[in-house]
Each structure stands twice: as structure tokens, then as C-alpha cells.
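> Below is one structure. I have some questions about it.
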Amino acid sequence: MGKSTHFSGQPLFNQLLFFVSRSRIAKIARNHDAERYVKKFNTYHHAVLMLLGYHSLREVILGLLSNAHKLSHLGIT
């Protein structure tokens, strides 16, 4: 029995995202008209953030701002 190398070298979170279907999330969002006013941050991106443990964009922004000293190379400050 051979060892599967399909996910070899990928972080665990990327492996989990492999099983999250973008098209299925887009279909559900379309059925519920969830992206009616969306410009950039779509339902899939929100689902990924929720998998990371965030519940809202505000939480993401507060997390980035609280770690701004660590992320100064990104130009957030």
C-alpha cells in the first residue's frame, strides 16, 4: 500500500481548503442573493476567514491592527 503524496508539502489549512468547493459556495450565495452588494470581498473569502476562526471583517481588521508592529513590512500602519 503506497503512501499518498497528493498533499505533500502543503500546510494543513491549504489541505482543508482543497475540500471546500468555490463553485458550491458561489451557488449557495446565488440562491440566497448573498452577494447582491459585494464589490471585492465575496462569500468564499468570508467562508475561508470563518474557517480560520474569525467571525467578521471587523475582527480581521482589529487583529491586523493589533499586530501592526509585526506586519509593518505590509504597509498597513
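To be explicit about the labels: the chains of the C-alpha cells are called A, B, and onward in the order shown, and within each one the residues are counted from 1, while ligands get numbers from 1 in the order they are shown.
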For stretch 16-27 of chain A, work out the shell of residues within 10 Å, counting only C-alpha atoms and skipping chain neighbours fewer than 6 positions away, then give it as a VMD selection string.
chain A and resid 7 33 to 35 42 to 45 47 to 48 51
> Take atom CA of A:Leu12 and atom CA of A:Gly53 and report the distance between them in Å, one decimal.
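These atoms are spaced 14.8 Å apart.
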> Quick check, in Å to one decimal: how far apart do atom CA of A:Leu62 and atom CA of A:Met50 lie?
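Here the two named atoms are 15.0 Å from each other.
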> May I have all residues of chain A that DSSP, computed from the backbone, assigns to alpha helix (DSSP H), given as a PyMOL selection string?
chain A and resi 12-17+22-31+43-52+57-66
> So how far away is atom CA of A:Phe41 from atom CA of A:Leu57, in Å?
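These atoms are spaced 9.4 Å apart.
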